[in-house]
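As stored in coords15.cif (mmCIF, C-alpha atoms):
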data_run
#
loop_
_atom_site.label_atom_id
_atom_site.label_comp_id
_atom_site.auth_asym_id
_atom_site.auth_seq_id
_atom_site.Cartn_x
_atom_site.Cartn_y
_atom_site.Cartn_z
CA MET Y 54 -5.63 25.19 24.25
CA GLU Y 55 -4.04 21.97 25.45
CA GLY Y 56 -0.94 20.63 23.75
CA VAL Y 57 2.78 20.05 23.86
CA TYR Y 58 4.94 23.16 23.61
CA VAL Y 59 8.39 23.05 22.05
CA ALA Y 60 11.37 25.08 23.33
CA ASN Y 61 10.36 28.36 21.69
CA GLY Y 62 6.81 28.16 23.07
CA GLU Y 63 5.00 27.12 19.86
CA LEU Y 64 2.33 24.46 19.97
CA MET Y 65 3.45 21.17 18.39
CA THR Y 66 0.87 20.00 15.83
CA SER Y 67 -0.77 16.60 16.01
CA ARG Y 68 0.93 15.61 12.72
CA VAL Y 69 4.36 16.28 14.16
CA LYS Y 70 3.51 14.37 17.35
CA PHE Y 71 2.24 11.44 15.27
CA PHE Y 72 5.39 11.45 13.10
CA LEU Y 73 7.63 11.51 16.19
CA ALA Y 74 5.69 8.63 17.77
CA VAL Y 75 6.00 6.53 14.60
CA LEU Y 76 9.71 7.33 14.40
CA ALA Y 77 10.25 6.33 18.04
CA VAL Y 78 8.38 3.03 17.63
CA SER Y 79 10.27 2.27 14.40
CA ALA Y 80 13.62 2.92 16.04
CA CYS Y 81 12.81 0.56 18.92
CA ALA Y 82 11.34 -2.25 16.83
CA ALA Y 83 13.46 -5.38 16.64
CA PRO Y 84 14.21 -6.50 13.08
CA ALA Y 85 12.59 -9.72 11.91
CA ALA Y 86 13.29 -11.79 8.82
CA ALA Y 87 9.72 -11.46 7.54
CA GLN Y 88 9.60 -7.67 7.44
CA GLY Y 89 11.05 -5.19 5.05
CA PRO Y 90 10.54 -2.72 2.23
CA GLY Y 91 9.73 -3.79 -1.30
CA ILE Y 92 9.01 -2.76 -4.86
CA ARG Y 93 6.04 -3.65 -7.05
CA GLY Y 94 4.58 -3.13 -10.49
CA GLY Y 95 2.00 -4.44 -12.89
CA LEU Y 96 -1.06 -3.73 -15.02
CA SER Y 97 -4.53 -2.53 -14.07
CA ILE Y 98 -7.88 -2.69 -15.82
CA ASP Y 99 -10.34 0.24 -15.62
CA PRO Y 100 -8.40 2.44 -15.69
CA ASP Y 101 -6.10 0.64 -18.16
CA GLN Y 102 -2.71 1.48 -16.74
CA VAL Y 103 0.81 0.37 -16.00
CA TYR Y 104 1.64 0.90 -12.34
CA PHE Y 105 4.71 0.79 -10.12
CA GLY Y 106 5.40 1.56 -6.50
CA GLY Y 107 6.66 0.35 -3.18
CA HIS Y 108 5.48 -1.36 -0.03
CA TYR Y 109 6.56 -2.22 3.48
CA GLU Y 110 5.70 -5.56 5.05
CA THR Y 111 5.58 -5.70 8.84
CA SER Y 112 6.40 -8.72 10.92
CA ALA Y 113 3.38 -10.86 11.82
CA LEU Y 114 0.79 -8.91 13.80
CA VAL Y 115 -0.84 -12.14 14.99
CA ASP Y 116 -0.16 -15.72 13.86
CA ARG Y 117 0.12 -15.33 10.02
CA LEU Y 118 -1.50 -11.91 9.58
CA TYR Y 119 0.75 -9.14 8.21
CA PHE Y 120 0.25 -5.46 7.39
CA ARG Y 121 1.60 -4.50 3.95
CA PRO Y 122 0.79 -0.86 3.16
CA ASN Y 123 1.78 0.19 -0.33
CA LEU Y 124 1.93 3.22 -2.58
CA GLU Y 125 1.33 2.77 -6.32
CA LEU Y 126 1.50 5.21 -9.23
CA GLY Y 127 -0.62 4.27 -12.27
CA LEU Y 128 -0.04 5.82 -15.71
CA GLY Y 129 -2.25 5.55 -18.79
CA ASP Y 130 -5.84 5.91 -20.00
CA ASP Y 131 -5.49 9.74 -19.82
CA VAL Y 132 -5.31 9.59 -16.03
CA VAL Y 133 -2.62 9.41 -13.35
CA ALA Y 134 -3.73 7.40 -10.32
CA THR Y 135 -1.76 7.62 -7.10
CA THR Y 136 -3.04 4.97 -4.71
CA PHE Y 137 -2.27 4.39 -1.03
CA ASN Y 138 -3.41 0.89 -0.05
CA MET Y 139 -3.59 -0.19 3.59
CA GLU Y 140 -3.69 -3.96 3.07
CA PHE Y 141 -3.60 -6.81 5.52
CA ILE Y 142 -2.48 -10.20 4.20
CA TYR Y 143 -2.82 -13.69 5.61
CA LYS Y 144 -0.08 -16.16 4.69
CA PHE Y 145 -1.43 -19.69 4.60
CA PRO Y 146 0.82 -22.38 6.10
CA SER Y 147 3.00 -24.23 3.62
CA ARG Y 148 5.85 -26.72 3.69
CA SER Y 149 7.33 -25.31 0.48
CA ASP Y 150 9.00 -21.95 -0.07
CA TRP Y 151 5.81 -20.67 -1.77
CA ARG Y 152 2.75 -19.65 0.26
CA LEU Y 153 -0.76 -18.72 -0.79
CA VAL Y 154 -1.71 -15.25 0.49
CA ALA Y 155 -5.10 -13.57 0.68
CA GLY Y 156 -6.20 -10.28 2.10
CA GLY Y 157 -7.44 -6.81 1.47
CA GLY Y 158 -7.92 -3.38 2.88
CA PRO Y 159 -9.02 0.19 2.29
CA ALA Y 160 -7.44 2.52 -0.25
CA VAL Y 161 -7.22 6.23 -0.95
CA ILE Y 162 -6.91 7.07 -4.65
CA PHE Y 163 -5.85 10.45 -6.03
CA TYR Y 164 -6.90 10.75 -9.69
CA SER Y 165 -5.48 13.42 -11.99
CA TYR Y 166 -7.23 13.62 -15.38
CA ASP Y 167 -6.00 14.89 -18.73
CA SER Y 168 -8.68 16.15 -21.08
CA GLY Y 169 -9.72 13.30 -23.29
CA ARG Y 170 -12.38 10.61 -23.48
CA GLY Y 171 -15.03 13.19 -22.60
CA ARG Y 172 -13.32 14.19 -19.36
CA ARG Y 173 -12.26 17.62 -18.21
CA ASP Y 174 -8.86 18.34 -16.73
CA GLY Y 175 -8.95 18.04 -12.98
CA THR Y 176 -8.37 15.94 -9.91
CA GLU Y 177 -10.46 13.76 -7.63
CA THR Y 178 -9.78 11.96 -4.38
CA GLU Y 179 -11.73 8.77 -3.83
CA GLY Y 180 -11.92 6.00 -1.25
CA GLY Y 181 -11.85 2.37 -2.27
CA PHE Y 182 -11.30 -1.17 -1.08
CA ASN Y 183 -9.20 -4.02 -2.46
CA PHE Y 184 -9.38 -7.78 -2.11
CA LEU Y 185 -6.28 -9.71 -3.09
CA ILE Y 186 -5.03 -13.22 -3.63
CA GLY Y 187 -1.53 -14.22 -4.57
CA ALA Y 188 1.60 -16.24 -4.00
CA ASP Y 189 4.52 -15.22 -1.84
CA HIS Y 190 8.01 -16.79 -1.89
CA ARG Y 191 9.97 -16.87 1.36
CA GLY Y 192 12.89 -15.25 -0.49
CA GLY Y 193 10.85 -12.12 -1.29
CA LEU Y 194 9.19 -12.61 -4.71
CA LEU Y 195 5.42 -12.07 -4.79
CA PHE Y 196 2.59 -12.26 -7.31
CA GLU Y 197 -0.88 -10.89 -6.65
CA VAL Y 198 -4.24 -10.20 -8.23
CA LYS Y 199 -6.30 -7.39 -6.71
CA VAL Y 200 -10.01 -6.85 -7.24
CA GLY Y 201 -11.10 -3.32 -6.41
CA VAL Y 202 -14.51 -2.17 -5.26
CA VAL Y 203 -16.03 1.26 -4.72
CA ASN Y 204 -13.60 3.58 -6.61
CA SER Y 205 -10.47 1.38 -6.74
CA PRO Y 206 -9.22 0.13 -10.13
CA ASN Y 207 -11.31 -2.92 -11.09
CA VAL Y 208 -8.47 -5.45 -11.41
CA LYS Y 209 -4.70 -5.30 -10.91
CA PHE Y 210 -2.15 -7.94 -11.84
CA GLY Y 211 1.11 -7.36 -10.01
CA VAL Y 212 4.55 -8.70 -9.25
CA GLY Y 213 6.92 -7.48 -6.58
CA TRP Y 214 9.88 -8.13 -4.34
CA THR Y 215 10.23 -7.69 -0.59
CA PHE Y 216 13.81 -7.09 0.53
CA ARG Y 217 14.52 -9.26 3.56
#
Structure rendered as structure tokens:
Amino acid sequence: MEGVYVANGELMTSRVKFFLAVLAVSACAAPAAAQGPGIRGGLSIDPDQVYFGGHYETSALVDRLYFRPNLELGLGDDVVATTFNMEFIYKFPSRSDWRLVAGGGPAVIFYSYDSGRGRRDGTETEGGFNFLIGADHRGGLLFEVKVGVVNSPNVKFGVGWTFR
């Protein structure tokens, strides 16, 4: 078996190697004004929920394209939805402090059901995809509307803040 062995002779797992690589890249990355962590929240339709969570916006990958992965926890409608969205956003050029943004990306949704509305207790993991459009202020405030396809919530209306 091929792999990297740590001091005591045990094989280092691929998850640990991945985590260490991400940590090393993060430590070496130069800070930029456009990147940073953030918070978010809002309402979703189907399932009808209130959601909250966090995100991290990278610096521009190319021109005006950014990666903004986010984690959201939705509560309501006899279901808890934990969603990991891997979204790319494009920030349209603007002379004002507000910019139009559009984007989308894949999602992984972990549903946990309470008995009710004809459902049984249980959990499901689904894949989905989101399309989004919104407005982004250079100071950090953002508004967005997401339309989900496949198994993502149908529509989400959100507001958030990116700490810069």
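In this model, the gap between CA of Ile142 in chain Y and CA of Leu126 in chain Y comes to 20.8 Å.
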Residues matched by the PyMOL selection byres ((chain Y and resi 162) around 6) as a VMD selection string: chain Y and resid 135 to 136 161 163 178 to 179
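When all atoms listed in the file are used to measure the gap to Pro146 in chain Y, the shortest distance among Y:Val208, Y:Gly107, Y:Ala188, Y:Asn123 belongs to Y:Ala188.
Atom pair CA of Leu194 in chain Y / CA of Trp151 in chain Y has a distance of 9.2 Å (rounded to one decimal).
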Nearby residues (only C-alpha atoms) at most 6 Å from range 108-121 of chain Y, same-chain spacing under 5 positions excluded, as a PyMOL selection string: chain Y and resi 87-91+140-144
C-alpha atoms of the current selection, written as a tab-separated table (two decimals), keeping the file's coordinate frame:
chain	number	residue	atom	x	y	z
Y	87	ALA	CA	9.72	-11.46	7.54
Y	88	GLN	CA	9.60	-7.67	7.44
Y	89	GLY	CA	11.05	-5.19	5.05
Y	90	PRO	CA	10.54	-2.72	2.23
Y	91	GLY	CA	9.73	-3.79	-1.30
Y	140	GLU	CA	-3.69	-3.96	3.07
Y	141	PHE	CA	-3.60	-6.81	5.52
Y	142	ILE	CA	-2.48	-10.20	4.20
Y	143	TYR	CA	-2.82	-13.69	5.61
Y	144	LYS	CA	-0.08	-16.16	4.69
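Comparing the minimum interatomic distances between Asp167 in chain Y and each of Y:Asp130, Y:Asn183, Y:Val202, Y:Arg191, counting only C-alpha atoms, we find that Y:Asp130 sits nearest.
Pairwise distance (CA of Arg148 in chain Y, CA of Trp214 in chain Y) equals 20.6 Å.
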Pick from Y:Met139, Y:Ile98, Y:Ala134, Y:Ile186, whichever lies nearest to Pro159 in chain Y using all atoms listed in the file: Y:Met139
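Residue selection for this entry, given the PyMOL selection byres ((chain Y and resi 199) around 7), comprises Y:Asn183, Y:Phe184, Y:Leu185, Y:Ile186, Y:Glu197, Y:Val198, Y:Val200, Y:Gly201, Y:Val208, Y:Lys209, Y:Phe210.
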Which of Y:Val212, Y:Leu128, Y:Leu195, Y:Ala155 sits closest to Gly94 in chain Y [using all atoms listed in the file]: Y:Val212
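Proximity ranking of Y:Arg217, Y:Ser97, Y:Gly211, Y:Pro122 relative to Gly157 in chain Y places Y:Pro122 first, based on all atoms listed in the file.
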Shell of 10 Å around Asp150 in chain Y, only C-alpha atoms, local chain residues under 4 positions omitted, as a PyMOL selection string: chain Y and resi 189-192
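Compared by their closest atoms to Val103 in chain Y, and using only C-alpha atoms, the residues Y:Pro206, Y:Gly158, Y:Gly193, Y:Gly175 rank with Y:Pro206 nearest.
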Produce the centre coordinates and the three edge lengths, each in Å to one decimal, of the box along x, y and z that contains all listed atoms of range 191-196 of chain Y with 4 Å added on each side, as AutoDock Vina command-line options.
--center_x 7.7 --center_y -14.5 --center_z -3.0 --size_x 18.3 --size_y 12.8 --size_z 16.7
Contacts of Val203 in chain Y at 8 Å (all atoms listed in the file; same-chain gap of 6+ positions) as an MDAnalysis selection string: chainID Y and resid 180:182
The PyMOL selection byres ((chain Y and resi 105) around 7) resolved against shown file, as a PyMOL selection string: chain Y and resi 93-95+104+106+125-127
